[in-house]
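Heads up, input-v8.cif below (mmCIF, N, CA and C atoms):
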```
data_entry
loop_
_atom_site.label_atom_id
_atom_site.label_comp_id
_atom_site.auth_asym_id
_atom_site.auth_seq_id
_atom_site.Cartn_x
_atom_site.Cartn_y
_atom_site.Cartn_z
N GLN A 93 0.85 -1.19 0.00
CA GLN A 93 0.00 0.00 0.00
C GLN A 93 0.89 1.24 0.00
N MET A 94 0.51 2.20 -0.81
CA MET A 94 1.26 3.45 -0.91
C MET A 94 0.38 4.58 -0.42
N GLN A 95 0.94 5.43 0.44
CA GLN A 95 0.24 6.64 0.85
C GLN A 95 1.06 7.86 0.41
N LEU A 96 0.34 8.84 -0.13
CA LEU A 96 0.96 10.08 -0.59
C LEU A 96 0.34 11.24 0.17
N VAL A 97 1.16 12.10 0.73
CA VAL A 97 0.67 13.21 1.53
C VAL A 97 1.27 14.51 0.99
N GLU A 98 0.39 15.36 0.45
CA GLU A 98 0.83 16.65 -0.09
C GLU A 98 0.82 17.72 0.99
N SER A 99 1.65 18.73 0.80
CA SER A 99 1.65 19.90 1.66
C SER A 99 2.22 21.07 0.87
N GLY A 100 2.04 22.28 1.43
CA GLY A 100 2.65 23.45 0.83
C GLY A 100 1.71 24.37 0.08
N GLY A 101 0.46 23.99 -0.05
CA GLY A 101 -0.49 24.87 -0.73
C GLY A 101 -0.81 26.10 0.10
N GLY A 102 -1.55 27.02 -0.51
CA GLY A 102 -1.94 28.23 0.20
C GLY A 102 -2.42 29.30 -0.74
N LEU A 103 -2.52 30.50 -0.20
CA LEU A 103 -2.97 31.67 -0.95
C LEU A 103 -1.76 32.53 -1.29
N VAL A 104 -1.64 32.91 -2.55
CA VAL A 104 -0.51 33.72 -2.98
C VAL A 104 -0.99 34.71 -4.04
N GLN A 105 -0.34 35.85 -4.12
CA GLN A 105 -0.69 36.82 -5.14
C GLN A 105 -0.10 36.42 -6.48
N ALA A 106 -0.72 36.89 -7.53
CA ALA A 106 -0.20 36.64 -8.87
C ALA A 106 1.24 37.11 -8.97
N GLY A 107 2.06 36.29 -9.61
CA GLY A 107 3.49 36.58 -9.72
C GLY A 107 4.32 35.95 -8.61
N GLY A 108 3.65 35.44 -7.61
CA GLY A 108 4.36 34.85 -6.48
C GLY A 108 4.74 33.40 -6.72
N SER A 109 5.28 32.78 -5.68
CA SER A 109 5.78 31.41 -5.77
C SER A 109 5.28 30.57 -4.60
N LEU A 110 5.19 29.28 -4.86
CA LEU A 110 4.90 28.28 -3.82
C LEU A 110 5.69 27.03 -4.15
N ARG A 111 6.02 26.25 -3.12
CA ARG A 111 6.61 24.94 -3.33
C ARG A 111 5.74 23.88 -2.66
N LEU A 112 5.26 22.96 -3.47
CA LEU A 112 4.48 21.84 -2.96
C LEU A 112 5.40 20.66 -2.70
N SER A 113 5.04 19.89 -1.69
CA SER A 113 5.77 18.66 -1.37
C SER A 113 4.80 17.49 -1.33
N CYS A 114 5.31 16.33 -1.68
CA CYS A 114 4.52 15.10 -1.61
C CYS A 114 5.41 14.02 -1.00
N ALA A 115 5.04 13.58 0.19
CA ALA A 115 5.80 12.55 0.88
C ALA A 115 5.16 11.19 0.65
N ALA A 116 5.96 10.24 0.23
CA ALA A 116 5.48 8.89 -0.05
C ALA A 116 5.84 7.95 1.10
N SER A 117 4.97 6.97 1.34
CA SER A 117 5.15 6.11 2.51
C SER A 117 6.03 4.90 2.26
N ARG A 118 6.25 4.56 0.98
CA ARG A 118 6.98 3.33 0.68
C ARG A 118 8.42 3.57 0.30
N GLY A 119 9.27 2.63 0.68
CA GLY A 119 10.68 2.74 0.37
C GLY A 119 11.02 2.47 -1.07
N THR A 120 10.07 1.95 -1.87
CA THR A 120 10.32 1.72 -3.29
C THR A 120 10.15 2.99 -4.10
N PHE A 121 9.99 4.12 -3.44
CA PHE A 121 9.75 5.41 -4.08
C PHE A 121 10.74 5.70 -5.19
N SER A 122 12.02 5.37 -4.99
CA SER A 122 13.04 5.77 -5.94
C SER A 122 12.83 5.17 -7.33
N GLY A 123 12.12 4.08 -7.42
CA GLY A 123 11.90 3.43 -8.70
C GLY A 123 10.61 3.85 -9.39
N LEU A 124 9.89 4.77 -8.80
CA LEU A 124 8.58 5.14 -9.29
C LEU A 124 8.59 6.40 -10.14
N LEU A 125 7.76 6.41 -11.16
CA LEU A 125 7.44 7.64 -11.87
C LEU A 125 6.41 8.38 -11.03
N MET A 126 6.63 9.67 -10.83
CA MET A 126 5.73 10.48 -10.00
C MET A 126 5.17 11.64 -10.81
N ASP A 127 3.90 11.96 -10.53
CA ASP A 127 3.24 13.04 -11.26
C ASP A 127 2.64 14.05 -10.29
N TRP A 128 2.44 15.24 -10.79
CA TRP A 128 1.56 16.21 -10.16
C TRP A 128 0.42 16.50 -11.14
N TYR A 129 -0.80 16.44 -10.64
CA TYR A 129 -1.99 16.82 -11.37
C TYR A 129 -2.65 17.99 -10.64
N ARG A 130 -3.57 18.65 -11.34
CA ARG A 130 -4.38 19.67 -10.69
C ARG A 130 -5.79 19.63 -11.24
N GLN A 131 -6.72 20.10 -10.42
CA GLN A 131 -8.12 20.17 -10.83
C GLN A 131 -8.73 21.45 -10.31
N ALA A 132 -9.17 22.28 -11.25
CA ALA A 132 -9.86 23.52 -10.92
C ALA A 132 -11.36 23.26 -10.89
N PRO A 133 -12.12 24.09 -10.18
CA PRO A 133 -13.57 23.89 -10.10
C PRO A 133 -14.21 23.85 -11.48
N GLY A 134 -15.01 22.82 -11.72
CA GLY A 134 -15.73 22.69 -12.98
C GLY A 134 -14.88 22.22 -14.14
N LYS A 135 -13.62 21.85 -13.88
CA LYS A 135 -12.73 21.42 -14.95
C LYS A 135 -12.22 20.01 -14.68
N GLN A 136 -11.75 19.38 -15.75
CA GLN A 136 -11.18 18.05 -15.60
C GLN A 136 -9.79 18.13 -14.96
N ARG A 137 -9.41 17.03 -14.31
CA ARG A 137 -8.08 16.96 -13.74
C ARG A 137 -7.06 16.94 -14.88
N GLU A 138 -6.01 17.73 -14.75
CA GLU A 138 -5.01 17.80 -15.80
C GLU A 138 -3.61 17.51 -15.25
N LEU A 139 -2.79 16.91 -16.12
CA LEU A 139 -1.42 16.59 -15.75
C LEU A 139 -0.58 17.85 -15.79
N VAL A 140 0.14 18.11 -14.70
CA VAL A 140 0.96 19.31 -14.60
C VAL A 140 2.43 18.99 -14.89
N ALA A 141 2.94 17.94 -14.24
CA ALA A 141 4.37 17.63 -14.39
C ALA A 141 4.62 16.17 -14.04
N THR A 142 5.66 15.61 -14.64
CA THR A 142 6.04 14.22 -14.43
C THR A 142 7.54 14.14 -14.23
N ILE A 143 7.96 13.25 -13.33
CA ILE A 143 9.39 12.98 -13.17
C ILE A 143 9.58 11.47 -13.10
N THR A 144 10.52 10.97 -13.90
CA THR A 144 10.78 9.53 -13.92
C THR A 144 11.72 9.14 -12.78
N SER A 145 11.92 7.84 -12.63
CA SER A 145 12.85 7.37 -11.61
C SER A 145 14.27 7.87 -11.88
N GLY A 146 14.58 8.12 -13.14
CA GLY A 146 15.90 8.60 -13.50
C GLY A 146 16.06 10.11 -13.46
N GLY A 147 14.96 10.80 -13.16
CA GLY A 147 15.02 12.25 -13.04
C GLY A 147 14.62 13.03 -14.28
N SER A 148 14.21 12.34 -15.34
CA SER A 148 13.72 13.05 -16.52
C SER A 148 12.37 13.68 -16.21
N THR A 149 12.14 14.86 -16.76
CA THR A 149 10.92 15.60 -16.44
C THR A 149 10.14 15.98 -17.69
N ASP A 150 8.86 16.21 -17.49
CA ASP A 150 7.99 16.69 -18.56
C ASP A 150 6.91 17.55 -17.93
N TYR A 151 6.41 18.52 -18.72
CA TYR A 151 5.47 19.49 -18.17
C TYR A 151 4.31 19.73 -19.11
N GLY A 152 3.16 20.09 -18.53
CA GLY A 152 2.05 20.56 -19.34
C GLY A 152 2.39 21.89 -19.97
N ASP A 153 1.81 22.17 -21.11
CA ASP A 153 2.15 23.38 -21.85
C ASP A 153 1.88 24.64 -21.03
N SER A 154 0.85 24.60 -20.21
CA SER A 154 0.45 25.81 -19.47
C SER A 154 1.41 26.18 -18.35
N VAL A 155 2.31 25.27 -17.97
CA VAL A 155 3.22 25.55 -16.86
C VAL A 155 4.68 25.51 -17.25
N LYS A 156 4.98 25.17 -18.49
CA LYS A 156 6.38 25.10 -18.94
C LYS A 156 7.07 26.44 -18.73
N GLY A 157 8.28 26.36 -18.18
CA GLY A 157 9.05 27.57 -17.93
C GLY A 157 8.74 28.24 -16.61
N ARG A 158 7.67 27.81 -15.94
CA ARG A 158 7.28 28.42 -14.65
C ARG A 158 7.36 27.43 -13.49
N PHE A 159 7.06 26.16 -13.76
CA PHE A 159 7.03 25.13 -12.72
C PHE A 159 8.22 24.19 -12.90
N THR A 160 8.72 23.67 -11.78
CA THR A 160 9.80 22.69 -11.82
C THR A 160 9.49 21.54 -10.87
N ILE A 161 9.50 20.33 -11.40
CA ILE A 161 9.31 19.14 -10.59
C ILE A 161 10.68 18.56 -10.25
N SER A 162 10.82 18.08 -9.02
CA SER A 162 12.07 17.46 -8.60
C SER A 162 11.76 16.39 -7.56
N ARG A 163 12.78 15.60 -7.22
CA ARG A 163 12.55 14.54 -6.24
C ARG A 163 13.79 14.39 -5.37
N ASP A 164 13.55 13.94 -4.14
CA ASP A 164 14.62 13.60 -3.21
C ASP A 164 14.35 12.17 -2.75
N ASN A 165 15.05 11.23 -3.34
CA ASN A 165 14.77 9.82 -3.04
C ASN A 165 15.14 9.46 -1.60
N ALA A 166 16.09 10.16 -1.02
CA ALA A 166 16.46 9.89 0.37
C ALA A 166 15.33 10.24 1.33
N LYS A 167 14.49 11.18 0.90
CA LYS A 167 13.36 11.62 1.74
C LYS A 167 12.02 11.09 1.24
N ASN A 168 12.04 10.25 0.17
CA ASN A 168 10.79 9.74 -0.41
C ASN A 168 9.83 10.89 -0.72
N THR A 169 10.34 11.95 -1.29
CA THR A 169 9.54 13.15 -1.50
C THR A 169 9.72 13.69 -2.91
N VAL A 170 8.62 14.13 -3.48
CA VAL A 170 8.64 14.83 -4.76
C VAL A 170 8.14 16.25 -4.53
N TYR A 171 8.72 17.19 -5.26
CA TYR A 171 8.41 18.60 -5.08
C TYR A 171 7.86 19.20 -6.37
N LEU A 172 7.11 20.28 -6.22
CA LEU A 172 6.70 21.09 -7.36
C LEU A 172 6.95 22.55 -6.99
N GLN A 173 7.98 23.13 -7.58
CA GLN A 173 8.26 24.54 -7.40
C GLN A 173 7.46 25.31 -8.43
N MET A 174 6.64 26.23 -7.96
CA MET A 174 5.75 26.98 -8.84
C MET A 174 6.10 28.46 -8.75
N ASN A 175 6.57 29.01 -9.85
CA ASN A 175 6.94 30.42 -9.92
C ASN A 175 6.03 31.16 -10.88
N SER A 176 6.05 32.47 -10.79
CA SER A 176 5.25 33.32 -11.69
C SER A 176 3.80 32.84 -11.74
N LEU A 177 3.24 32.60 -10.59
CA LEU A 177 1.89 32.04 -10.52
C LEU A 177 0.85 33.00 -11.08
N LYS A 178 -0.16 32.40 -11.72
CA LYS A 178 -1.25 33.16 -12.35
C LYS A 178 -2.57 32.74 -11.71
N PRO A 179 -3.58 33.59 -11.76
CA PRO A 179 -4.89 33.20 -11.21
C PRO A 179 -5.41 31.89 -11.80
N GLU A 180 -5.09 31.62 -13.06
CA GLU A 180 -5.56 30.38 -13.69
C GLU A 180 -4.83 29.14 -13.18
N ASP A 181 -3.82 29.32 -12.33
CA ASP A 181 -3.18 28.18 -11.68
C ASP A 181 -3.95 27.73 -10.43
N THR A 182 -4.97 28.48 -10.06
CA THR A 182 -5.78 28.13 -8.90
C THR A 182 -6.44 26.77 -9.11
N ALA A 183 -6.20 25.86 -8.18
CA ALA A 183 -6.71 24.49 -8.29
C ALA A 183 -6.32 23.70 -7.05
N VAL A 184 -6.87 22.51 -6.94
CA VAL A 184 -6.36 21.53 -5.98
C VAL A 184 -5.29 20.72 -6.69
N TYR A 185 -4.13 20.62 -6.09
CA TYR A 185 -3.00 19.92 -6.68
C TYR A 185 -2.84 18.56 -6.00
N TYR A 186 -2.70 17.53 -6.85
CA TYR A 186 -2.62 16.15 -6.37
C TYR A 186 -1.31 15.51 -6.80
N CYS A 187 -0.76 14.73 -5.92
CA CYS A 187 0.39 13.89 -6.20
C CYS A 187 -0.14 12.52 -6.64
N HIS A 188 0.56 11.88 -7.56
CA HIS A 188 0.07 10.62 -8.12
C HIS A 188 1.24 9.71 -8.49
N THR A 189 0.99 8.40 -8.35
CA THR A 189 1.88 7.41 -8.92
C THR A 189 1.07 6.17 -9.27
N ASN A 190 1.68 5.29 -10.00
CA ASN A 190 1.04 4.05 -10.41
C ASN A 190 1.96 2.89 -10.08
N ILE A 191 1.41 1.89 -9.38
CA ILE A 191 2.19 0.70 -9.00
C ILE A 191 1.39 -0.52 -9.41
N GLY A 192 1.94 -1.30 -10.29
CA GLY A 192 1.25 -2.52 -10.70
C GLY A 192 -0.11 -2.25 -11.31
N TRP A 193 -0.20 -1.19 -12.10
CA TRP A 193 -1.44 -0.78 -12.77
C TRP A 193 -2.49 -0.24 -11.80
N ARG A 194 -2.10 0.03 -10.58
CA ARG A 194 -3.00 0.63 -9.61
C ARG A 194 -2.56 2.07 -9.36
N ASP A 195 -3.53 2.96 -9.41
CA ASP A 195 -3.27 4.38 -9.19
C ASP A 195 -3.35 4.73 -7.71
N PHE A 196 -2.39 5.55 -7.27
CA PHE A 196 -2.40 6.07 -5.91
C PHE A 196 -2.39 7.59 -5.97
N TRP A 197 -3.27 8.20 -5.18
CA TRP A 197 -3.42 9.66 -5.16
C TRP A 197 -3.27 10.17 -3.74
N GLY A 198 -2.73 11.36 -3.60
CA GLY A 198 -2.77 12.04 -2.33
C GLY A 198 -4.13 12.69 -2.13
N GLN A 199 -4.28 13.34 -0.98
CA GLN A 199 -5.56 13.96 -0.64
C GLN A 199 -5.74 15.32 -1.32
N GLY A 200 -4.67 15.87 -1.85
CA GLY A 200 -4.73 17.16 -2.54
C GLY A 200 -4.39 18.32 -1.61
N THR A 201 -3.84 19.37 -2.21
CA THR A 201 -3.57 20.60 -1.48
C THR A 201 -4.04 21.78 -2.33
N GLN A 202 -4.75 22.71 -1.70
CA GLN A 202 -5.36 23.82 -2.42
C GLN A 202 -4.32 24.92 -2.68
N VAL A 203 -4.27 25.36 -3.92
CA VAL A 203 -3.47 26.52 -4.30
C VAL A 203 -4.42 27.58 -4.85
N THR A 204 -4.39 28.75 -4.26
CA THR A 204 -5.23 29.86 -4.70
C THR A 204 -4.35 31.05 -5.04
N VAL A 205 -4.49 31.54 -6.27
CA VAL A 205 -3.69 32.67 -6.74
C VAL A 205 -4.62 33.86 -6.95
N SER A 206 -4.40 34.92 -6.21
CA SER A 206 -5.26 36.10 -6.32
C SER A 206 -4.66 37.08 -7.34
N SER A 207 -5.55 37.80 -7.99
CA SER A 207 -5.10 38.75 -9.02
C SER A 207 -4.86 40.12 -8.45
#
```
Using structure tokens, write down the structure that the file contains.
Amino acid sequence: QMQLVESGGGLVQAGGSLRLSCAASRGTFSGLLMDWYRQAPGKQRELVATITSGGSTDYGDSVKGRFTISRDNAKNTVYLQMNSLKPEDTAVYYCHTNIGWRDFWGQGTQVTVSS
């Protein structure tokens, strides 16, 4: 069983920054591909960023150049550094991974960007 716990959300003004963290409960974390998703009210959940076990990264078009995903395998933690935040980044942000074709999600952390 894998548990993912996000933290670091909050209220920030447009142009500001936040860093989200996602702590994983299992020691096999280092071999896992990890994602950050977000879901705004009335919208579908969308993929924000992905990091492979080897550290390769990929980003959604709307966040490229502003967000950075990283991981610390010693701490079983994945991060999302969010810079130059915009009101349209307002959403609940979720950490995600897949193990054996089973999806695991965190509880989500709210990010609100005021204009």
Pairwise distance, atom N of Leu110 in chain A with atom N of Met94 in chain A, equals 27.8 Å
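Distance cut-off 6 Å, centre (9.0, 8.2, -8.7), atoms counted all atoms listed in the file; the residues meeting this are Phe121, Ser122, Gly123, Leu124, Leu125, Met126, Ile143, Thr144 and Ser145 of chain A.
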For Glu98 in chain A, which of A:Ser176, A:Thr120, A:Thr201, A:Ser207 is the closest residue, counting all atoms listed in the file?
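Counting all atoms listed in the file, the residue closest to Glu98 in chain A is A:Thr201.
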List the neighbours of Thr189 in chain A out to 6 Å using all atoms listed in the file; skip same-chain residues closer than 5 positions along the sequence, and give me the result as a PyMOL selection string.
chain A and resi 125-127+194-197
Using N, CA and C atoms, can you write the selected residues to a file as a short mmCIF file (atom, residue, chain, number, x, y, z; two decimals), in the coordinates of the input?
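Contents of the output file out34.cif:
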```cif
data_model
loop_
_atom_site.label_atom_id
_atom_site.label_comp_id
_atom_site.auth_asym_id
_atom_site.auth_seq_id
_atom_site.Cartn_x
_atom_site.Cartn_y
_atom_site.Cartn_z
N LEU A 125 7.76 6.41 -11.16
CA LEU A 125 7.44 7.64 -11.87
C LEU A 125 6.41 8.38 -11.03
N MET A 126 6.63 9.67 -10.83
CA MET A 126 5.73 10.48 -10.00
C MET A 126 5.17 11.64 -10.81
N ASP A 127 3.90 11.96 -10.53
CA ASP A 127 3.24 13.04 -11.26
C ASP A 127 2.64 14.05 -10.29
N ARG A 194 -2.10 0.03 -10.58
CA ARG A 194 -3.00 0.63 -9.61
C ARG A 194 -2.56 2.07 -9.36
N ASP A 195 -3.53 2.96 -9.41
CA ASP A 195 -3.27 4.38 -9.19
C ASP A 195 -3.35 4.73 -7.71
N PHE A 196 -2.39 5.55 -7.27
CA PHE A 196 -2.40 6.07 -5.91
C PHE A 196 -2.39 7.59 -5.97
N TRP A 197 -3.27 8.20 -5.18
CA TRP A 197 -3.42 9.66 -5.16
C TRP A 197 -3.27 10.17 -3.74
#
```
Please measure the separation of atom C of Ser99 in chain A and atom C of Cys114 in chain A, giving the value in Å to one decimal.
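Taking atom C of Ser99 in chain A and atom C of Cys114 in chain A, their separation equals 8.0 Å.
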Return the single residue from A:Asn165, A:Gln105, A:Gln95, A:Ser154 that is closest to Arg130 in chain A, with distances computed using only C-alpha atoms.
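Among the listed residues, A:Ser154 lies closest to Arg130 in chain A.
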Name the residues that the PyMOL selection byres (((chain A and resi 104 and name CA) around 10) and name CA) pulls out of this structure, and write them as an MDAnalysis selection string.
chainID A and resid 101:103 105:110 177:179 182 203:207
